[in-house]
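Here the structure comes first, spelled out in structure tokens, and everything after it is commentary.
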There are 2 protein chains.
Amino acid sequence: MPIYTAPVRDTTFVLKEVLEYDRHSNLAGFADAAPDVLEAILGEAARLAENVIQPTNRPGDTEGCRRNEDGSVTTPAPFAAALAQYREGGWTGLAAPTEFGGQGLPYVVHSAVGEYFSSANMALMMYPGLTQGAIAALLAHGSAEQQALFLPKMVSGQWSGTMNLTEPHCGTDLGLLRTRAVAQGDGTYSISGQKIFISAGEHDLADNIVHLVLARIEGAPAGVKGISLFIVPKFLPDGSGEPGARNAVACGSIEDKMGIHGNATCVMNYDAATGVLLGAENGGLKAMFTMMNEARLAVGLQGLSIAEVASQNAAAYARERLQGRSLSGPKAPDKPADPIIVHPDVRRALMTARAFNEGGRALLLWTALASDIAHRSADEGERERAEDLLGLMTPVVKGVLTDKGFEHAVMAQQVFGGHGYIEEHGMSQFVRDARITMIYEGANGIQALDLVGRKLPQNGGRALQAFLREVGEFCEAGRGDENLAPFTKALKKGLNDLQGATMWLMQNAMAKPDNAGAASTDYMHLMGLVALGYMWGRMVKVAQAGLAAGGGEPEFYQAKIATGRYFMERIMPETALRLARISAGADTMMALPAEAF
Amino acid sequence: MPIYTAPVRDTTFVLKEVLEYDRHSNLAGFADAAPDVLEAILGEAARLAENVIQPTNRPGDTEGCRRNEDGSVTTPAPFAAALAQYREGGWTGLAAPTEFGGQGLPYVVHSAVGEYFSSANMALMMYPGLTQGAIAALLAHGSAEQQALFLPKMVSGQWSGTMNLTEPHCGTDLGLLRTRAVAQGDGTYSISGQKIFISAGEHDLADNIVHLVLARIEGAPAGVKGISLFIVPKFLPDGSGEPGARNAVACGSIEDKMGIHGNATCVMNYDAATGVLLGAENGGLKAMFTMMNEARLAVGLQGLSIAEVASQNAAAYARERLQGRSLSGPKAPDKPADPIIVHPDVRRALMTARAFNEGGRALLLWTALASDIAHRSADEGERERAEDLLGLMTPVVKGVLTDKGFEHAVMAQQVFGGHGYIEEHGMSQFVRDARITMIYEGANGIQALDLVGRKLPQNGGRALQAFLREVGEFCEAGRGDENLAPFTKALKKGLNDLQGATMWLMQNAMAKPDNAGAASTDYMHLMGLVALGYMWGRMVKVAQAGLAAGGGEPEFYQAKIATGRYFMERIMPETALRLARISAGADTMMALPAEAF
């Protein structure tokens, strides 16, 4: 059985020491999570994740979900009890407004504990996870009545939520969607159509399921301008707000898929189901993006989560598995062979994943903190800067942490050799589960296009310029610090490559948009490298100060510095490759006619 | 259902035009595969692969193998009939000596058709595939009597073979193995122990299974010096050489694994089973490597095979799936959206895989041809050069074509979006199947160590020097050819990086062997990039000449040149990253104590 230990000390290092989270105690909710409270919350989350949720992960994969003849869905046996403890602990509403029964704590704290829960069982945590997106959409676009009706039960976890976007012929291109909505004259709509790939579409883990469904109202404009978002509950709330009549929405089948077997990915059939508008008529795309943006950060977090737990298992295996002798002489001469962690190539896998996971955690929490500031600050300028950063980093967090999360789950599996390929040790599950994170909530190619095509040019490039300036100033300040300078020098090289790539895009993508598309994935990874490098620069700086100040944790800070050095030596140089690819442009890529493939 | 079309024209391009295969008509067997015969063979293999073998691939994954209560194993229903056609076509013995019923054709031809068969159904082809390794070991180390008894039936495919190396505590480090052999006094041995991960260990596809088993004779030296190889047939041949008494070897269970479900990966229990020595007492490691080296090329071929078929499916999907509009204006204005192949980021995936697959095919066939020359040439110098190349390239072909094969199967799956994650389209199977190729027959980290630790220093670096010289001369010759020069210039840059990395290793790995280990995987990929780049240089040169000569295939040659340009522009620059990582050395990688993980 796989192991898992929540990296609480790494979280507090980032939140307290690097991001200086308590500087924001003026923001709503932050005062309720003062440093000592924060540690208690993290510790409680760690215990729940390690002891209650993680043991359900392998059974979830092997049992999977079953659709019964009546269309109901049975989830893996241990899920209900584990989720009940999660719900009872108030984790569903951790960051939700207190007026709807939430705890109103910062989103960054919700994200920090969310990592632990997803590491423990990603498929299970998708049930409350999708509910978060639905809550966000209701908070932003729901009427007071809708909020009062749905939010308390969703915040408490009694009811769950879903996002219904995809149709068989329409995934990325939502303009093609066909699900129809017909006004009934009583304020409700009759919704008909088929949605596919609906995560947590039907299950036995909540009293009601609140489906948020994109559909086209009769006579609406073609394309994305004619899409509206509807609330379509599985059970229509009765007069007292309790689940009443069964609505005409049903799970037609469960997809047989590569991983996340514990989550029911459903084909949902809407057969004149009753729904009400959420937000404005034909304003569905905007409302949908409210769910989507938060969901994208959550998916980036999933990528990190799986890489973290997979790496922990690889490290544990590498410390125990005896095979071969160290090239520099036996390290365990009393044993028949050395543990494989003595072999540099095994270390390479562990250190690479570690450098990404620790950097990724900082990047994710930095972005989540920006989300808090953007939503909670009273200062308009501060809000704008935070919104810029949040918008810029959302596709990077989603695309890079999931591409790399999968890659490092594969690396961790490789450490197990043949034992990683059989299902018994759970490493195959990590790889199969992580694979979906590169695909859903906008495939990573779409994240890259969002970054290059929307986020870069927005407001005259303001968000990017602010990011480049911040990293540049950090590098400049580091030059005079002889301990930090080797790190900021490597970071500066990456920053130069990012600036070069940006310049290339400005000069070549206006006249020829295919050059932007051809550059997009490499640009996203280039920006990810610089952002992660910046996080490493800041973490190293704090760790060096911590070491210099003495105190009780020299090994912890030394490990941070060594891992930061590894990032700068072995990972940061990838920026040059990304720039070389970007500069190659689209011509050769697009040279062959489609028929040649 | 996935599609598959064997890339026959690409194969003949490499064999006839690039490698000028017919220059070797003096070698045994080559005259029997003259160009017209070769085309007939490839065409026949293509038909069998496409029409008979490929349709068994999805059922093989979904049905899997079943161990029955009596220890027998039932393979997926359509396997037996498909394999019978393969056997009846004489494909099992294509390259085996005519004296044992084979066709004696070149190994390079066997490899060329092997690609098609593995693309069609890798799990099925592992049954005859493992038999090839056992045939090679019997040819090299068997007595005349053993050869006469076993080879005809194995060459015809009536009997199959296996390799029994791994034990629960011992994979890479065979010195730890515990399976015991006790001399019975009659020339036979009594073999006892447990082997795991035995591919095709038990099944219903042959009349007998010839297990080649590594074991330790009582009183043998410790470590790898005390290992012997034994022939342990499932049924002991009777006086007439037919399957007789059941031997005491049995399948204890079938592993539940990530992929290759159609192949029975067995725990094999030897309970005082009767075996005879194959080769010298305590010479098992050497005999095992006879199987292993050939198997490693075959596994590299599997990596290529899966990437090829996965890419074909991604391309077909990308031509058909309508989603979004081209950034440069609608390409299918009569349709609701453009096919996604218009999007540069989709092209990026298709072109990257294509550049690797076509380069990989050339590299694999070049290496297979070296194997033919090494085994069949009458000229000692030619044999030595070919052996050097074969030894040098075997770990590169295995490690790089499987790492990249998996990566490109993942890329192809990504083109399908959510449809790639469900099992229905077969893309998940390609990814799950490809994953094992990075692990078995020596995990890729072991390939990298074999390259850096054994193959480089062998004979004073003779093999590497010859390779560097050959590529260098090709670049030098290309400088004067204005069409070729852009390609050789990019290749030369990669070659310089490889030379720089080699120099770094010479200066830093002697005194500190961990520097070699820390560099190994990056060095293997660096060499792979240069070898693939060299193949592309040669292919582009031939294609340019073909274009200049006129004739009927301008599109074919133009596509080769464009794909070669893509390789040089977007893939070759990775050599600099590899060199940067290698030059970083082992210090930071090894800095943390094992307990820190």
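By order in the structure tokens, chains are A, B, ...; within a chain, residues start at 1; ligands start at 1, following the order shown.
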Apply DSSP to the structure's backbone, then extract all residues of segment 112-213 of chain B labelled helix (DSSP H, G or I) and return them as number ranges by chain. B: 112-141, 144-155, 174-176
Find the residues near Glu242 of chain B: any atom within 10 Å, counting only C-alpha atoms, skip ones fewer than 4 places away on the same chain, and give them as a PyMOL selection string. chain B and resi 149-150+153+207-208+235-238
Env of Val109 of chain B: 9 Å cut, atoms = only C-alpha atoms, seq-sep filter 5 positions within chain, self excluded. Answer as a list in words. Leu15, Ala33, Leu38, Ile41, Leu42, Leu94, Ala95, Gly114, Leu365, Ala368 and Leu369 of chain B
Same residues, all heavy atoms, output as a tab-separated table (two decimals), in the first residue's frame:
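Below you can see result_3.tsv, which holds the result:
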chain	number	residue	atom	x	y	z
B	15	LEU	N	15.65	1.40	-45.99
B	15	LEU	CA	16.46	0.22	-46.33
B	15	LEU	C	17.15	0.38	-47.68
B	15	LEU	O	18.35	0.13	-47.80
B	15	LEU	CB	15.58	-1.04	-46.35
B	15	LEU	CG	15.19	-1.63	-44.99
B	15	LEU	CD1	14.33	-2.87	-45.18
B	15	LEU	CD2	16.45	-1.99	-44.18
B	33	ALA	N	16.85	-11.73	-50.15
B	33	ALA	CA	15.90	-10.64	-49.94
B	33	ALA	C	16.27	-9.48	-50.86
B	33	ALA	O	16.42	-8.34	-50.42
B	33	ALA	CB	15.90	-10.21	-48.48
B	38	LEU	N	12.15	-8.14	-51.12
B	38	LEU	CA	11.95	-7.34	-49.91
B	38	LEU	C	10.58	-6.66	-49.93
B	38	LEU	O	9.83	-6.71	-48.95
B	38	LEU	CB	13.04	-6.28	-49.80
B	38	LEU	CG	12.88	-5.31	-48.63
B	38	LEU	CD1	13.18	-5.99	-47.31
B	38	LEU	CD2	13.77	-4.08	-48.81
B	41	ILE	N	7.90	-9.11	-49.22
B	41	ILE	CA	7.88	-9.49	-47.80
B	41	ILE	C	7.21	-8.40	-46.97
B	41	ILE	O	6.33	-8.67	-46.14
B	41	ILE	CB	9.32	-9.74	-47.29
B	41	ILE	CG1	9.91	-10.99	-47.96
B	41	ILE	CG2	9.33	-9.89	-45.77
B	41	ILE	CD1	11.39	-11.19	-47.68
B	42	LEU	N	7.62	-7.16	-47.20
B	42	LEU	CA	7.04	-6.04	-46.43
B	42	LEU	C	5.54	-5.93	-46.68
B	42	LEU	O	4.76	-5.70	-45.76
B	42	LEU	CB	7.74	-4.72	-46.80
B	42	LEU	CG	9.23	-4.61	-46.46
B	42	LEU	CD1	9.80	-3.28	-46.98
B	42	LEU	CD2	9.47	-4.74	-44.96
B	94	LEU	N	11.77	-16.14	-39.62
B	94	LEU	CA	12.20	-15.34	-40.77
B	94	LEU	C	13.72	-15.19	-40.85
B	94	LEU	O	14.30	-15.35	-41.92
B	94	LEU	CB	11.56	-13.94	-40.68
B	94	LEU	CG	11.59	-13.12	-41.97
B	94	LEU	CD1	10.65	-13.71	-43.00
B	94	LEU	CD2	11.18	-11.67	-41.68
B	95	ALA	N	14.35	-14.90	-39.70
B	95	ALA	CA	15.79	-14.66	-39.72
B	95	ALA	C	16.56	-15.84	-39.13
B	95	ALA	O	17.78	-15.78	-38.98
B	95	ALA	CB	16.12	-13.38	-38.95
B	114	GLY	N	8.98	-6.61	-37.97
B	114	GLY	CA	8.66	-6.65	-36.54
B	114	GLY	C	8.00	-5.38	-36.07
B	114	GLY	O	7.12	-5.39	-35.21
B	365	LEU	N	16.95	0.47	-37.92
B	365	LEU	CA	17.33	-0.41	-39.03
B	365	LEU	C	18.84	-0.32	-39.29
B	365	LEU	O	19.47	-1.31	-39.66
B	365	LEU	CB	16.51	-0.07	-40.28
B	365	LEU	CG	15.00	-0.34	-40.13
B	365	LEU	CD1	14.24	0.08	-41.38
B	365	LEU	CD2	14.71	-1.82	-39.81
B	368	ALA	N	20.21	-2.59	-36.72
B	368	ALA	CA	19.91	-3.99	-37.05
B	368	ALA	C	20.81	-4.46	-38.20
B	368	ALA	O	21.27	-5.61	-38.21
B	368	ALA	CB	18.44	-4.14	-37.43
B	369	LEU	N	21.07	-3.56	-39.13
B	369	LEU	CA	21.97	-3.91	-40.24
B	369	LEU	C	23.38	-4.17	-39.70
B	369	LEU	O	24.07	-5.10	-40.14
B	369	LEU	CB	21.98	-2.78	-41.27
B	369	LEU	CG	22.82	-2.98	-42.53
B	369	LEU	CD1	22.37	-4.22	-43.31
B	369	LEU	CD2	22.74	-1.74	-43.44
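Considering the residues B:Phe487, B:Leu229, B:Arg462, B:Thr402 and counting only C-alpha atoms, Met291 of chain B has its shortest atom-to-atom contact with B:Leu229.
Counting only C-alpha atoms and comparing A:Ala448, A:Ala200, A:Met506, A:Val232, the residue that lies closest to chain B is A:Ala448.
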Thr588 of chain B: which residues within 10 Å, counting only C-alpha atoms, same-chain residues fewer than 2 positions away excluded, as an MDAnalysis selection string? (chainID A and resid 348 351 561:567 569:570) or (chainID B and resid 518 584:586 590:592)
Find, counting only C-alpha atoms, the residue in A:Asp514, A:Glu553, A:Glu424, A:Glu88 that gets nearest to Arg347 of chain B. A:Asp514
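Candidate residues A:Arg321, A:Arg383, A:Arg180, A:Lys489 were compared for distance to chain B, and the nearest is A:Arg321, using only C-alpha atoms.
Across the model, the gap from atom CA of Arg216 of chain B to atom CA of Pro333 of chain A is 22.2 Å.
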Could you name the residues that touch Val37 of chain B at 12 Å or less, counting only C-alpha atoms, but leaving out those on the same chain fewer than 5 positions away, as an MDAnalysis selection string? chainID B and resid 12 22 29:32 42:44 105 109
Selection to disk with N, CA, C and O atoms, as a compact mmCIF listing (two decimals), in the first residue's frame:
# COMPACT_ATOMS: atom_id res chain seq x y z
N THR B 12 11.02 1.08 -46.99
CA THR B 12 11.86 0.88 -48.19
C THR B 12 12.75 2.10 -48.42
O THR B 12 13.89 1.96 -48.87
N ASP B 22 21.20 -3.13 -50.42
CA ASP B 22 21.63 -4.12 -51.41
C ASP B 22 23.14 -4.12 -51.63
O ASP B 22 23.66 -5.00 -52.30
N GLY B 29 22.08 -14.62 -46.74
CA GLY B 29 20.67 -14.28 -46.59
C GLY B 29 20.25 -13.03 -47.31
O GLY B 29 19.08 -12.87 -47.66
N PHE B 30 21.19 -12.12 -47.55
CA PHE B 30 20.81 -10.86 -48.18
C PHE B 30 20.39 -11.05 -49.63
O PHE B 30 19.48 -10.36 -50.11
N ALA B 31 21.04 -12.00 -50.30
CA ALA B 31 20.68 -12.23 -51.71
C ALA B 31 19.26 -12.78 -51.81
O ALA B 31 18.58 -12.59 -52.82
N ASP B 32 18.82 -13.44 -50.73
CA ASP B 32 17.45 -13.98 -50.74
C ASP B 32 16.40 -12.91 -50.51
O ASP B 32 15.21 -13.19 -50.58
N LEU B 42 7.62 -7.16 -47.20
CA LEU B 42 7.04 -6.04 -46.43
C LEU B 42 5.54 -5.93 -46.68
O LEU B 42 4.76 -5.70 -45.76
N GLY B 43 5.15 -6.12 -47.94
CA GLY B 43 3.73 -6.02 -48.28
C GLY B 43 2.91 -7.10 -47.61
O GLY B 43 1.81 -6.85 -47.09
N GLU B 44 3.47 -8.30 -47.59
CA GLU B 44 2.77 -9.43 -46.96
C GLU B 44 2.66 -9.21 -45.46
O GLU B 44 1.61 -9.43 -44.85
N LEU B 105 16.77 -15.14 -43.51
CA LEU B 105 16.81 -13.77 -44.04
C LEU B 105 17.51 -12.84 -43.06
O LEU B 105 17.69 -13.18 -41.89
N VAL B 109 15.64 -7.30 -41.90
CA VAL B 109 14.31 -7.50 -42.49
C VAL B 109 13.33 -7.96 -41.40
O VAL B 109 12.19 -7.48 -41.33
Excluding Glu555 of chain A and any residue of its chain fewer than 3 positions from it, enumerate the residues within 10 Å of it, using only C-alpha atoms, and give them as a PDB file with N, CA and C atoms, in the first residue's frame.
ATOM      1  N   LEU A 547      19.257  30.023   7.978  1.00  0.00           N
ATOM      2  CA  LEU A 547      20.509  29.374   8.387  1.00  0.00           C
ATOM      3  C   LEU A 547      21.390  30.349   9.156  1.00  0.00           C
ATOM      4  N   GLY A 552      16.820  26.049  15.201  1.00  0.00           N
ATOM      5  CA  GLY A 552      16.807  24.597  15.315  1.00  0.00           C
ATOM      6  C   GLY A 552      16.688  23.781  14.051  1.00  0.00           C
ATOM      7  N   GLN A 558      19.209  23.785   4.829  1.00  0.00           N
ATOM      8  CA  GLN A 558      20.252  23.302   3.912  1.00  0.00           C
ATOM      9  C   GLN A 558      19.655  22.510   2.756  1.00  0.00           C
ATOM     10  N   ALA A 559      18.648  21.698   3.068  1.00  0.00           N
ATOM     11  CA  ALA A 559      18.002  20.920   2.005  1.00  0.00           C
ATOM     12  C   ALA A 559      17.315  21.846   1.010  1.00  0.00           C
ATOM     13  N   LYS A 560      16.712  22.907   1.516  1.00  0.00           N
ATOM     14  CA  LYS A 560      16.063  23.874   0.612  1.00  0.00           C
ATOM     15  C   LYS A 560      17.097  24.492  -0.330  1.00  0.00           C
ATOM     16  N   ILE A 561      18.243  24.869   0.226  1.00  0.00           N
ATOM     17  CA  ILE A 561      19.269  25.515  -0.597  1.00  0.00           C
ATOM     18  C   ILE A 561      19.821  24.535  -1.633  1.00  0.00           C
TER      19      ILE A 561
ATOM     20  N   LEU B 592      22.012  15.786  -0.568  1.00  0.00           N
ATOM     21  CA  LEU B 592      21.133  15.501   0.570  1.00  0.00           C
ATOM     22  C   LEU B 592      21.364  14.093   1.108  1.00  0.00           C
ATOM     23  N   PRO B 593      21.308  13.936   2.431  1.00  0.00           N
ATOM     24  CA  PRO B 593      21.374  12.580   2.985  1.00  0.00           C
ATOM     25  C   PRO B 593      20.097  11.812   2.639  1.00  0.00           C
ATOM     26  N   ALA B 596      16.795  12.600   4.125  1.00  0.00           N
ATOM     27  CA  ALA B 596      16.107  13.853   3.806  1.00  0.00           C
ATOM     28  C   ALA B 596      14.964  13.633   2.828  1.00  0.00           C
TER      29      ALA B 596
END
Two-atom distance - atom CA of Asn26 of chain A, atom CA of Arg538 of chain A (Å): 23.4 Å
Using only C-alpha atoms, pick whichever of A:Gly71, A:Gly300, A:Gly551, A:Gly517 has the shortest atom-to-atom distance to Asn269 of chain A. A:Gly71
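Picture a line from atom CA of Pro7 of chain A to atom CA of Arg361 of chain A; it runs 10.2 Å.
Those residues of segment 36-89 of chain A that DSSP, working from the backbone, places in strand (DSSP E or B) are Arg66, Arg67, Val73 and Thr74 of chain A.
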